[in-house]
>>> print(open('start.json').read())   # JSON, C-alpha atoms
[["chain", "number", "residue", "atom", "x", "y", "z"],
["I", 889, "MET", "CA", 0.00, 0.00, 0.00],
["I", 890, "THR", "CA", 2.89, 2.37, 0.71],
["I", 891, "CYS", "CA", 5.00, 1.30, -2.28],
["I", 892, "LYS", "CA", 5.90, 4.11, -4.69],
["I", 893, "PRO", "CA", 6.82, 2.57, -8.07],
["I", 894, "ARG", "CA", 9.68, 4.34, -9.83],
["I", 895, "GLY", "CA", 11.36, 3.86, -13.16],
["I", 896, "ARG", "CA", 10.60, 0.60, -14.98],
["I", 897, "PHE", "CA", 7.01, -0.65, -15.06],
["I", 898, "MET", "CA", 6.29, -3.49, -12.63],
["I", 899, "ARG", "CA", 4.28, -6.31, -14.13],
["I", 900, "GLY", "CA", 1.54, -7.90, -12.06],
["I", 901, "ILE", "CA", 0.67, -4.96, -9.82],
["I", 902, "LYS", "CA", -1.75, -2.06, -10.21],
["I", 903, "GLN", "CA", -2.02, 0.82, -7.76],
["I", 904, "LEU", "CA", -4.57, 3.58, -8.26],
["I", 905, "LYS", "CA", -6.61, 6.22, -6.45],
["I", 906, "VAL", "CA", -10.33, 5.91, -7.09],
["I", 907, "ASP", "CA", -13.54, 7.60, -6.04],
["I", 908, "SER", "CA", -15.10, 5.54, -3.25],
["I", 909, "LEU", "CA", -18.56, 6.41, -4.58],
["I", 910, "GLN", "CA", -17.87, 4.56, -7.82],
["I", 911, "GLU", "CA", -17.12, 0.91, -8.57],
["I", 912, "VAL", "CA", -13.72, 0.02, -9.98],
["I", 913, "ASP", "CA", -12.34, -2.57, -12.40],
["I", 914, "VAL", "CA", -8.63, -3.33, -12.41],
["I", 915, "SER", "CA", -6.54, -5.93, -14.22],
["I", 916, "PRO", "CA", -3.10, -6.57, -12.67],
["I", 917, "THR", "CA", -2.36, -8.97, -15.56],
["I", 918, "PHE", "CA", -4.05, -10.02, -18.79],
["I", 919, "GLU", "CA", -5.26, -13.23, -17.14],
["I", 920, "HIS", "CA", -6.61, -11.66, -13.94],
["I", 921, "ARG", "CA", -9.34, -9.10, -13.33],
["I", 922, "VAL", "CA", -10.83, -7.59, -10.18],
["I", 923, "HIS", "CA", -14.16, -5.79, -9.77],
["I", 924, "ILE", "CA", -14.79, -3.89, -6.53],
["I", 925, "PRO", "CA", -18.27, -2.42, -5.90],
["I", 926, "SER", "CA", -18.56, 1.08, -4.46],
["I", 927, "SER", "CA", -20.07, -0.28, -1.24],
["I", 928, "ALA", "CA", -16.91, -2.32, -0.59],
["I", 929, "LEU", "CA", -14.73, 0.76, -1.14],
["I", 930, "GLN", "CA", -16.81, 2.79, 1.31],
["I", 931, "GLU", "CA", -16.68, 0.03, 3.94],
["I", 932, "SER", "CA", -12.89, -0.18, 3.53],
["I", 933, "ILE", "CA", -12.33, 3.42, 4.60],
["I", 934, "GLY", "CA", -14.68, 3.25, 7.59],
["I", 935, "ASN", "CA", -15.63, 6.62, 9.07],
["I", 936, "VAL", "CA", -12.90, 8.55, 7.26],
["I", 937, "SER", "CA", -14.30, 11.59, 5.47],
["I", 938, "GLU", "CA", -12.02, 11.18, 2.42],
["I", 939, "VAL", "CA", -13.71, 10.39, -0.88],
["I", 940, "ASP", "CA", -10.66, 8.98, -2.68],
["I", 941, "VAL", "CA", -9.42, 5.53, -1.71],
["I", 942, "LEU", "CA", -6.19, 3.75, -2.62],
["I", 943, "VAL", "CA", -6.69, 0.39, -4.34],
["I", 944, "VAL", "CA", -3.91, -2.13, -4.91],
["I", 945, "ALA", "CA", -4.35, -5.31, -6.96],
["I", 946, "SER", "CA", -1.45, -7.64, -7.61],
["I", 947, "VAL", "CA", -0.66, -11.23, -8.56],
["I", 948, "ILE", "CA", 1.96, -13.10, -6.53],
["I", 949, "ASN", "CA", 3.26, -16.66, -6.43],
["I", 950, "SER", "CA", 1.58, -19.12, -4.08],
["I", 951, "SER", "CA", 4.98, -20.35, -2.83],
["I", 952, "TYR", "CA", 5.06, -17.35, -0.46],
["I", 953, "PHE", "CA", 2.21, -18.86, 1.56],
["I", 954, "LYS", "CA", 3.14, -21.31, 4.32],
["I", 955, "LEU", "CA", 0.42, -23.94, 4.67],
["I", 956, "THR", "CA", -0.71, -25.44, 7.95],
["I", 957, "PRO", "CA", -3.57, -27.92, 8.51],
["I", 958, "PRO", "CA", -6.93, -26.21, 9.14],
["I", 959, "PRO", "CA", -8.84, -26.68, 12.41],
["I", 960, "LYS", "CA", -10.72, -29.96, 12.81],
["I", 961, "ASN", "CA", -14.09, -28.23, 12.55],
["I", 962, "ARG", "CA", -13.33, -27.03, 9.03],
["I", 963, "ARG", "CA", -13.39, -29.04, 5.84],
["I", 964, "LEU", "CA", -9.90, -29.77, 4.55],
["I", 965, "LEU", "CA", -9.36, -28.86, 0.91],
["I", 966, "GLY", "CA", -6.61, -31.41, 0.64],
["I", 967, "GLY", "CA", -5.05, -32.82, -2.51],
["I", 968, "LEU", "CA", -5.74, -29.61, -4.43],
["I", 969, "GLU", "CA", -3.21, -27.21, -5.91],
["I", 970, "VAL", "CA", -3.29, -23.47, -6.53],
["I", 971, "PHE", "CA", -4.17, -22.89, -10.18],
["I", 972, "ARG", "CA", -1.03, -21.76, -12.05],
["I", 973, "ASP", "CA", 0.49, -20.87, -8.63],
["I", 974, "SER", "CA", -1.27, -17.50, -8.95],
["I", 975, "VAL", "CA", -2.70, -15.59, -6.00],
["I", 976, "ILE", "CA", -4.57, -12.30, -6.42],
["I", 977, "CYS", "CA", -4.01, -9.77, -3.67],
["I", 978, "VAL", "CA", -6.70, -7.09, -3.25],
["I", 979, "LEU", "CA", -6.33, -4.23, -0.79],
["I", 980, "ALA", "CA", -8.47, -1.10, -0.57],
["I", 981, "GLY", "CA", -8.55, 1.72, 1.93],
["I", 982, "ASN", "CA", -6.91, 1.64, 5.32],
["I", 983, "ARG", "CA", -8.24, -1.67, 6.64],
["I", 984, "ALA", "CA", -9.09, -5.19, 5.52],
["I", 985, "VAL", "CA", -12.84, -5.75, 5.68],
["I", 986, "GLU", "CA", -14.72, -9.03, 6.05],
["I", 987, "ASN", "CA", -18.42, -9.74, 5.49],
["I", 988, "LEU", "CA", -18.81, -7.11, 2.80],
["I", 989, "SER", "CA", -22.39, -6.21, 1.90],
["I", 990, "GLN", "CA", -21.53, -6.79, -1.77],
["I", 991, "PRO", "CA", -18.82, -9.24, -2.84],
["I", 992, "ILE", "CA", -15.61, -8.50, -4.68],
["I", 993, "THR", "CA", -15.48, -10.31, -8.02],
["I", 994, "LEU", "CA", -12.22, -11.88, -9.19],
["I", 995, "THR", "CA", -11.66, -13.45, -12.59],
["I", 996, "PHE", "CA", -8.99, -16.06, -13.34],
["I", 997, "LYS", "CA", -8.72, -16.87, -17.04],
["I", 998, "HIS", "CA", -7.97, -20.45, -18.04],
["I", 999, "ASN", "CA", -7.49, -22.33, -21.28],
["I", 1000, "LYS", "CA", -9.60, -25.38, -20.43],
["I", 1001, "GLU", "CA", -6.62, -27.13, -18.86],
["I", 1002, "VAL", "CA", -8.80, -27.90, -15.82],
["I", 1003, "GLU", "CA", -12.35, -29.18, -15.56],
["I", 1004, "ASN", "CA", -13.36, -27.30, -12.42],
["I", 1005, "GLY", "CA", -11.98, -25.46, -9.43],
["I", 1006, "THR", "CA", -12.83, -23.90, -6.08],
["I", 1007, "CYS", "CA", -12.41, -20.24, -5.19],
["I", 1008, "VAL", "CA", -10.64, -19.73, -1.87],
["I", 1009, "PHE", "CA", -9.05, -17.05, 0.30],
["I", 1010, "TRP", "CA", -6.01, -17.19, 2.56],
["I", 1011, "LYS", "CA", -6.96, -17.58, 6.23],
["I", 1012, "GLU", "CA", -4.19, -16.93, 8.71],
["I", 1013, "THR", "CA", -3.94, -19.04, 11.85],
["I", 1014, "SER", "CA", -4.20, -17.64, 15.35],
["I", 1015, "ALA", "CA", -0.52, -18.48, 15.91],
["I", 1016, "LYS", "CA", 0.46, -15.24, 14.15],
["I", 1017, "ASP", "CA", 3.52, -16.95, 12.68],
["I", 1018, "GLY", "CA", 2.66, -16.32, 9.04],
["I", 1019, "THR", "CA", 1.06, -19.74, 8.54],
["I", 1020, "GLY", "CA", -2.45, -20.34, 7.27],
["I", 1021, "TYR", "CA", -4.60, -22.35, 4.92],
["I", 1022, "TRP", "CA", -6.94, -21.93, 1.97],
["I", 1023, "SER", "CA", -10.62, -21.66, 2.86],
["I", 1024, "ASN", "CA", -13.69, -21.38, 0.62],
["I", 1025, "GLU", "CA", -15.78, -19.83, 3.39],
["I", 1026, "GLY", "CA", -17.69, -16.83, 2.02],
["I", 1027, "CYS", "CA", -16.54, -17.43, -1.57],
["I", 1028, "ALA", "CA", -18.71, -18.58, -4.46],
["I", 1029, "THR", "CA", -17.30, -20.19, -7.63],
["I", 1030, "ASN", "CA", -18.67, -19.79, -11.15],
["I", 1031, "TYR", "CA", -16.92, -21.90, -13.80],
["I", 1032, "LYS", "CA", -17.22, -20.65, -17.38],
["I", 1033, "ALA", "CA", -15.72, -21.76, -20.71],
["I", 1034, "HIS", "CA", -12.51, -19.78, -20.27],
["I", 1035, "GLU", "CA", -12.81, -18.23, -16.79],
["I", 1036, "PHE", "CA", -13.12, -18.91, -13.09],
["I", 1037, "ILE", "CA", -15.26, -16.17, -11.56],
["I", 1038, "CYS", "CA", -14.95, -15.84, -7.79],
["I", 1039, "SER", "CA", -17.30, -13.78, -5.61],
["I", 1040, "CYS", "CA", -15.89, -13.21, -2.12],
["I", 1041, "LYS", "CA", -17.09, -10.97, 0.69],
["I", 1042, "ARG", "CA", -13.68, -9.90, 1.95],
["I", 1043, "GLN", "CA", -10.32, -8.43, 0.90],
["I", 1044, "ARG", "CA", -6.77, -9.84, 0.95],
["I", 1045, "PHE", "CA", -5.52, -12.95, -0.90],
["I", 1046, "PHE", "CA", -7.49, -15.15, -3.30],
["I", 1047, "ALA", "CA", -6.78, -18.19, -5.46],
["I", 1048, "VAL", "CA", -8.45, -21.07, -7.27],
["I", 1049, "LEU", "CA", -7.74, -24.61, -6.11],
["I", 1050, "VAL", "CA", -7.80, -27.34, -8.76],
["I", 1051, "ASN", "CA", -7.33, -31.10, -8.82],
["I", 1052, "PRO", "CA", -3.88, -31.76, -10.37],
["I", 1053, "GLY", "CA", -4.93, -35.28, -11.34],
["I", 1054, "ILE", "CA", -7.48, -34.09, -13.90],
["I", 1055, "SER", "CA", -5.66, -31.03, -15.21],
["I", 1056, "VAL", "CA", -3.67, -30.69, -18.41],
["I", 1057, "THR", "CA", -0.85, -28.37, -19.38],
["I", 1058, "LYS", "CA", -1.47, -25.14, -21.26],
["I", 1059, "ALA", "CA", 0.29, -26.58, -24.33],
["I", 1060, "ASP", "CA", -1.98, -29.63, -24.34],
["I", 1061, "ALA", "CA", -5.02, -27.42, -23.83],
["I", 1062, "ASP", "CA", -4.01, -25.38, -26.90],
["I", 1063, "LYS", "CA", -3.70, -28.58, -28.94],
["I", 1064, "LEU", "CA", -7.16, -29.70, -27.83],
["I", 1065, "ASN", "CA", -8.57, -26.34, -28.86],
["I", 1066, "TYR", "CA", -6.97, -26.65, -32.32],
["I", 1067, "ILE", "CA", -8.45, -30.13, -32.72],
["I", 1068, "THR", "CA", -11.87, -28.74, -31.79],
["I", 1069, "TYR", "CA", -11.56, -25.92, -34.34],
["I", 1070, "ILE", "CA", -10.44, -28.31, -37.10],
["I", 1071, "GLY", "CA", -13.26, -30.72, -36.33],
["I", 1072, "SER", "CA", -15.83, -27.96, -36.39],
["I", 1073, "GLY", "CA", -14.41, -26.63, -39.65],
["I", 1074, "LEU", "CA", -14.60, -30.05, -41.32],
["I", 1075, "SER", "CA", -18.10, -30.83, -40.09],
["I", 1076, "ALA", "CA", -19.66, -27.70, -41.59],
["I", 1077, "PRO", "CA", -19.06, -28.49, -45.32],
["I", 1078, "PHE", "CA", -20.09, -32.13, -44.89],
["I", 1079, "ALA", "CA", -23.31, -30.97, -43.23],
["I", 1080, "LEU", "CA", -24.00, -28.77, -46.29],
["I", 1081, "ILE", "CA", -23.27, -31.68, -48.65],
["I", 1082, "SER", "CA", -25.72, -33.87, -46.72],
["I", 1083, "LEU", "CA", -28.34, -31.13, -46.97],
["I", 1084, "PHE", "CA", -27.88, -30.79, -50.75],
["I", 1085, "ILE", "CA", -28.14, -34.57, -51.22],
["I", 1086, "TYR", "CA", -31.34, -34.65, -49.17],
["I", 1087, "ILE", "CA", -32.88, -31.80, -51.20],
["I", 1088, "TYR", "CA", -31.83, -33.48, -54.47],
["I", 1089, "LEU", "CA", -33.39, -36.83, -53.46],
["I", 1090, "GLN", "CA", -36.61, -35.11, -52.53]]
>>> encode(input="start.json", output="structure tokens")
Amino acid sequence: MTCKPRGRFMRGIKQLKVDSLQEVDVSPTFEHRVHIPSSALQESIGNVSEVDVLVVASVINSSYFKLTPPPKNRRLLGGLEVFRDSVICVLAGNRAVENLSQPITLTFKHNKEVENGTCVFWKETSAKDGTGYWSNEGCATNYKAHEFICSCKRQRFFAVLVNPGISVTKADADKLNYITYIGSGLSAPFALISLFIYIYLQ
């Protein structure tokens, strides 16, 4: 929040001042997008009279997060991996807010290399030693053809957990897309030929 970028452009981080009365869309990278409603911006500044609020959105590697087992009363999201090792960090205003009245929307683009995923946020443990775990509490997941859309009622760190056993590499996903395009291209003329034959026989 206090970083002042100088000189060369830093990829994967966006820092901007916005009007707290308006919603904001920010894309720290081409594959990640964040939408923050105006209500979330206003809740993030509390009782401060300022209208402008500082928003920071960045993408960092999941290796910086030290995992610890979750409490026994919470469901363990075990066996899952962070999608592309990418974690979106969202900070607005002067405090991190939970239980927002309207959720923050985060978009993770994919190339069909996974079949499904679960949106999660980083929950720190009470030990205050930097450890934590991924929790899907308060986050909803919407899987689309080329996107994971996460709706979460809090700020901080977000990711998508996927099953590594049923995922494919980006290169293989591109090959599958090419096969789909070729198949669709070949099926169209043969469908027309079948139509002409049917009309001729009639």
>>> closest_residue(input="start.json", among="I:Thr956, I:Ser926, I:Ser989, I:Ser974", to="I:Gly900", atoms="all atoms listed in the file")
I:Ser974
>>> residues_near_point(input="start.json", point="(-5.1, -11.7, -13.1)", cutoff="10 Å", atoms="only C-alpha atoms", output="mmCIF file with C-alpha atoms, in the coordinates of the input")
data_model
loop_
_atom_site.group_PDB
_atom_site.id
_atom_site.type_symbol
_atom_site.label_atom_id
_atom_site.label_comp_id
_atom_site.auth_asym_id
_atom_site.auth_seq_id
_atom_site.Cartn_x
_atom_site.Cartn_y
_atom_site.Cartn_z
ATOM 1 C CA GLY I 900 1.540 -7.900 -12.060
ATOM 2 C CA ILE I 901 0.670 -4.960 -9.820
ATOM 3 C CA VAL I 914 -8.630 -3.330 -12.410
ATOM 4 C CA SER I 915 -6.540 -5.930 -14.220
ATOM 5 C CA PRO I 916 -3.100 -6.570 -12.670
ATOM 6 C CA THR I 917 -2.360 -8.970 -15.560
ATOM 7 C CA PHE I 918 -4.050 -10.020 -18.790
ATOM 8 C CA GLU I 919 -5.260 -13.230 -17.140
ATOM 9 C CA HIS I 920 -6.610 -11.660 -13.940
ATOM 10 C CA ARG I 921 -9.340 -9.100 -13.330
ATOM 11 C CA VAL I 922 -10.830 -7.590 -10.180
ATOM 12 C CA ALA I 945 -4.350 -5.310 -6.960
ATOM 13 C CA SER I 946 -1.450 -7.640 -7.610
ATOM 14 C CA VAL I 947 -0.660 -11.230 -8.560
ATOM 15 C CA ILE I 948 1.960 -13.100 -6.530
ATOM 16 C CA SER I 974 -1.270 -17.500 -8.950
ATOM 17 C CA VAL I 975 -2.700 -15.590 -6.000
ATOM 18 C CA ILE I 976 -4.570 -12.300 -6.420
ATOM 19 C CA CYS I 977 -4.010 -9.770 -3.670
ATOM 20 C CA LEU I 994 -12.220 -11.880 -9.190
ATOM 21 C CA THR I 995 -11.660 -13.450 -12.590
ATOM 22 C CA PHE I 996 -8.990 -16.060 -13.340
ATOM 23 C CA LYS I 997 -8.720 -16.870 -17.040
#
>>> closest_residue(input="start.json", among="I:Asp940, I:Glu911, I:Glu1035, I:Glu1012", to="I:Leu955", atoms="all atoms listed in the file")
I:Glu1012
>>> residues_around(input="start.json", residues="I:Gly1005", least_positions_apart="5", cutoff="12 Å", atoms="all atoms listed in the file", output="ChimeraX atom specification")
/I:965,968-972,996-998,1000,1024,1028-1032,1035-1038,1047-1052,1054-1055
>>> atom_distance(input="start.json", atom1="atom CA of I:Arg1042", atom2="atom CA of I:Val1008")
11.0 Å
>>> atom_distance(input="start.json", atom1="atom CA of I:Glu931", atom2="atom CA of I:Gly1018")
25.8 Å
>>> atom_distance(input="start.json", atom1="atom CA of I:Gln1043", atom2="atom CA of I:Ile933")
12.6 Å
>>> decode(input="start.json", residues="stretch 937-1060 of chain I", atoms="C-alpha atoms", output="PDB file, in the first residue's frame")
ATOM      1  CA  SER I 937     -14.296  11.585   5.467  1.00  0.00           C
ATOM      2  CA  GLU I 938     -12.020  11.184   2.419  1.00  0.00           C
ATOM      3  CA  VAL I 939     -13.706  10.392  -0.880  1.00  0.00           C
ATOM      4  CA  ASP I 940     -10.662   8.982  -2.675  1.00  0.00           C
ATOM      5  CA  VAL I 941      -9.421   5.534  -1.712  1.00  0.00           C
ATOM      6  CA  LEU I 942      -6.190   3.751  -2.619  1.00  0.00           C
ATOM      7  CA  VAL I 943      -6.694   0.395  -4.345  1.00  0.00           C
ATOM      8  CA  VAL I 944      -3.907  -2.129  -4.910  1.00  0.00           C
ATOM      9  CA  ALA I 945      -4.352  -5.305  -6.960  1.00  0.00           C
ATOM     10  CA  SER I 946      -1.445  -7.640  -7.608  1.00  0.00           C
ATOM     11  CA  VAL I 947      -0.655 -11.231  -8.556  1.00  0.00           C
ATOM     12  CA  ILE I 948       1.959 -13.103  -6.534  1.00  0.00           C
ATOM     13  CA  ASN I 949       3.264 -16.657  -6.430  1.00  0.00           C
ATOM     14  CA  SER I 950       1.584 -19.121  -4.077  1.00  0.00           C
ATOM     15  CA  SER I 951       4.982 -20.345  -2.832  1.00  0.00           C
ATOM     16  CA  TYR I 952       5.063 -17.353  -0.461  1.00  0.00           C
ATOM     17  CA  PHE I 953       2.209 -18.864   1.560  1.00  0.00           C
ATOM     18  CA  LYS I 954       3.138 -21.309   4.319  1.00  0.00           C
ATOM     19  CA  LEU I 955       0.420 -23.945   4.666  1.00  0.00           C
ATOM     20  CA  THR I 956      -0.706 -25.440   7.951  1.00  0.00           C
ATOM     21  CA  PRO I 957      -3.567 -27.921   8.511  1.00  0.00           C
ATOM     22  CA  PRO I 958      -6.926 -26.205   9.140  1.00  0.00           C
ATOM     23  CA  PRO I 959      -8.843 -26.685  12.411  1.00  0.00           C
ATOM     24  CA  LYS I 960     -10.715 -29.957  12.815  1.00  0.00           C
ATOM     25  CA  ASN I 961     -14.092 -28.232  12.555  1.00  0.00           C
ATOM     26  CA  ARG I 962     -13.329 -27.027   9.030  1.00  0.00           C
ATOM     27  CA  ARG I 963     -13.391 -29.044   5.836  1.00  0.00           C
ATOM     28  CA  LEU I 964      -9.897 -29.765   4.547  1.00  0.00           C
ATOM     29  CA  LEU I 965      -9.358 -28.855   0.914  1.00  0.00           C
ATOM     30  CA  GLY I 966      -6.606 -31.413   0.636  1.00  0.00           C
ATOM     31  CA  GLY I 967      -5.050 -32.817  -2.511  1.00  0.00           C
ATOM     32  CA  LEU I 968      -5.737 -29.611  -4.426  1.00  0.00           C
ATOM     33  CA  GLU I 969      -3.205 -27.211  -5.908  1.00  0.00           C
ATOM     34  CA  VAL I 970      -3.285 -23.474  -6.530  1.00  0.00           C
ATOM     35  CA  PHE I 971      -4.170 -22.893 -10.176  1.00  0.00           C
ATOM     36  CA  ARG I 972      -1.026 -21.757 -12.047  1.00  0.00           C
ATOM     37  CA  ASP I 973       0.489 -20.873  -8.635  1.00  0.00           C
ATOM     38  CA  SER I 974      -1.275 -17.503  -8.949  1.00  0.00           C
ATOM     39  CA  VAL I 975      -2.697 -15.588  -5.999  1.00  0.00           C
ATOM     40  CA  ILE I 976      -4.572 -12.302  -6.421  1.00  0.00           C
ATOM     41  CA  CYS I 977      -4.008  -9.771  -3.666  1.00  0.00           C
ATOM     42  CA  VAL I 978      -6.704  -7.094  -3.253  1.00  0.00           C
ATOM     43  CA  LEU I 979      -6.334  -4.228  -0.795  1.00  0.00           C
ATOM     44  CA  ALA I 980      -8.466  -1.103  -0.574  1.00  0.00           C
ATOM     45  CA  GLY I 981      -8.551   1.720   1.935  1.00  0.00           C
ATOM     46  CA  ASN I 982      -6.906   1.640   5.315  1.00  0.00           C
ATOM     47  CA  ARG I 983      -8.239  -1.670   6.642  1.00  0.00           C
ATOM     48  CA  ALA I 984      -9.090  -5.186   5.516  1.00  0.00           C
ATOM     49  CA  VAL I 985     -12.836  -5.751   5.677  1.00  0.00           C
ATOM     50  CA  GLU I 986     -14.718  -9.030   6.054  1.00  0.00           C
ATOM     51  CA  ASN I 987     -18.424  -9.737   5.491  1.00  0.00           C
ATOM     52  CA  LEU I 988     -18.814  -7.107   2.798  1.00  0.00           C
ATOM     53  CA  SER I 989     -22.391  -6.213   1.903  1.00  0.00           C
ATOM     54  CA  GLN I 990     -21.530  -6.790  -1.766  1.00  0.00           C
ATOM     55  CA  PRO I 991     -18.815  -9.243  -2.842  1.00  0.00           C
ATOM     56  CA  ILE I 992     -15.606  -8.497  -4.679  1.00  0.00           C
ATOM     57  CA  THR I 993     -15.481 -10.313  -8.021  1.00  0.00           C
ATOM     58  CA  LEU I 994     -12.218 -11.879  -9.185  1.00  0.00           C
ATOM     59  CA  THR I 995     -11.656 -13.452 -12.589  1.00  0.00           C
ATOM     60  CA  PHE I 996      -8.988 -16.063 -13.340  1.00  0.00           C
ATOM     61  CA  LYS I 997      -8.717 -16.865 -17.044  1.00  0.00           C
ATOM     62  CA  HIS I 998      -7.973 -20.449 -18.040  1.00  0.00           C
ATOM     63  CA  ASN I 999      -7.494 -22.327 -21.276  1.00  0.00           C
ATOM     64  CA  LYS I1000      -9.603 -25.382 -20.431  1.00  0.00           C
ATOM     65  CA  GLU I1001      -6.619 -27.133 -18.860  1.00  0.00           C
ATOM     66  CA  VAL I1002      -8.798 -27.896 -15.815  1.00  0.00           C
ATOM     67  CA  GLU I1003     -12.348 -29.183 -15.556  1.00  0.00           C
ATOM     68  CA  ASN I1004     -13.357 -27.300 -12.420  1.00  0.00           C
ATOM     69  CA  GLY I1005     -11.981 -25.459  -9.431  1.00  0.00           C
ATOM     70  CA  THR I1006     -12.830 -23.904  -6.078  1.00  0.00           C
ATOM     71  CA  CYS I1007     -12.409 -20.242  -5.194  1.00  0.00           C
ATOM     72  CA  VAL I1008     -10.640 -19.727  -1.866  1.00  0.00           C
ATOM     73  CA  PHE I1009      -9.048 -17.051   0.295  1.00  0.00           C
ATOM     74  CA  TRP I1010      -6.013 -17.195   2.562  1.00  0.00           C
ATOM     75  CA  LYS I1011      -6.956 -17.575   6.226  1.00  0.00           C
ATOM     76  CA  GLU I1012      -4.188 -16.926   8.714  1.00  0.00           C
ATOM     77  CA  THR I1013      -3.938 -19.043  11.847  1.00  0.00           C
ATOM     78  CA  SER I1014      -4.201 -17.644  15.354  1.00  0.00           C
ATOM     79  CA  ALA I1015      -0.523 -18.484  15.905  1.00  0.00           C
ATOM     80  CA  LYS I1016       0.462 -15.239  14.153  1.00  0.00           C
ATOM     81  CA  ASP I1017       3.520 -16.946  12.680  1.00  0.00           C
ATOM     82  CA  GLY I1018       2.657 -16.318   9.038  1.00  0.00           C
ATOM     83  CA  THR I1019       1.058 -19.735   8.538  1.00  0.00           C
ATOM     84  CA  GLY I1020      -2.450 -20.336   7.271  1.00  0.00           C
ATOM     85  CA  TYR I1021      -4.596 -22.355   4.917  1.00  0.00           C
ATOM     86  CA  TRP I1022      -6.942 -21.925   1.967  1.00  0.00           C
ATOM     87  CA  SER I1023     -10.624 -21.664   2.862  1.00  0.00           C
ATOM     88  CA  ASN I1024     -13.693 -21.380   0.625  1.00  0.00           C
ATOM     89  CA  GLU I1025     -15.781 -19.827   3.394  1.00  0.00           C
ATOM     90  CA  GLY I1026     -17.693 -16.834   2.024  1.00  0.00           C
ATOM     91  CA  CYS I1027     -16.541 -17.431  -1.568  1.00  0.00           C
ATOM     92  CA  ALA I1028     -18.710 -18.584  -4.460  1.00  0.00           C
ATOM     93  CA  THR I1029     -17.301 -20.187  -7.632  1.00  0.00           C
ATOM     94  CA  ASN I1030     -18.670 -19.790 -11.145  1.00  0.00           C
ATOM     95  CA  TYR I1031     -16.920 -21.900 -13.798  1.00  0.00           C
ATOM     96  CA  LYS I1032     -17.216 -20.653 -17.385  1.00  0.00           C
ATOM     97  CA  ALA I1033     -15.724 -21.759 -20.710  1.00  0.00           C
ATOM     98  CA  HIS I1034     -12.507 -19.776 -20.273  1.00  0.00           C
ATOM     99  CA  GLU I1035     -12.810 -18.228 -16.789  1.00  0.00           C
ATOM    100  CA  PHE I1036     -13.117 -18.912 -13.093  1.00  0.00           C
ATOM    101  CA  ILE I1037     -15.261 -16.167 -11.558  1.00  0.00           C
ATOM    102  CA  CYS I1038     -14.948 -15.836  -7.787  1.00  0.00           C
ATOM    103  CA  SER I1039     -17.296 -13.783  -5.609  1.00  0.00           C
ATOM    104  CA  CYS I1040     -15.887 -13.209  -2.121  1.00  0.00           C
ATOM    105  CA  LYS I1041     -17.091 -10.971   0.688  1.00  0.00           C
ATOM    106  CA  ARG I1042     -13.684  -9.897   1.946  1.00  0.00           C
ATOM    107  CA  GLN I1043     -10.320  -8.433   0.897  1.00  0.00           C
ATOM    108  CA  ARG I1044      -6.770  -9.840   0.949  1.00  0.00           C
ATOM    109  CA  PHE I1045      -5.518 -12.949  -0.902  1.00  0.00           C
ATOM    110  CA  PHE I1046      -7.491 -15.149  -3.304  1.00  0.00           C
ATOM    111  CA  ALA I1047      -6.777 -18.188  -5.464  1.00  0.00           C
ATOM    112  CA  VAL I1048      -8.451 -21.073  -7.273  1.00  0.00           C
ATOM    113  CA  LEU I1049      -7.737 -24.614  -6.109  1.00  0.00           C
ATOM    114  CA  VAL I1050      -7.803 -27.345  -8.761  1.00  0.00           C
ATOM    115  CA  ASN I1051      -7.329 -31.096  -8.822  1.00  0.00           C
ATOM    116  CA  PRO I1052      -3.883 -31.756 -10.373  1.00  0.00           C
ATOM    117  CA  GLY I1053      -4.934 -35.283 -11.340  1.00  0.00           C
ATOM    118  CA  ILE I1054      -7.478 -34.091 -13.897  1.00  0.00           C
ATOM    119  CA  SER I1055      -5.663 -31.026 -15.211  1.00  0.00           C
ATOM    120  CA  VAL I1056      -3.667 -30.689 -18.415  1.00  0.00           C
ATOM    121  CA  THR I1057      -0.850 -28.370 -19.378  1.00  0.00           C
ATOM    122  CA  LYS I1058      -1.474 -25.142 -21.255  1.00  0.00           C
ATOM    123  CA  ALA I1059       0.290 -26.578 -24.331  1.00  0.00           C
ATOM    124  CA  ASP I1060      -1.975 -29.635 -24.343  1.00  0.00           C
TER     125      ASP I1060
END
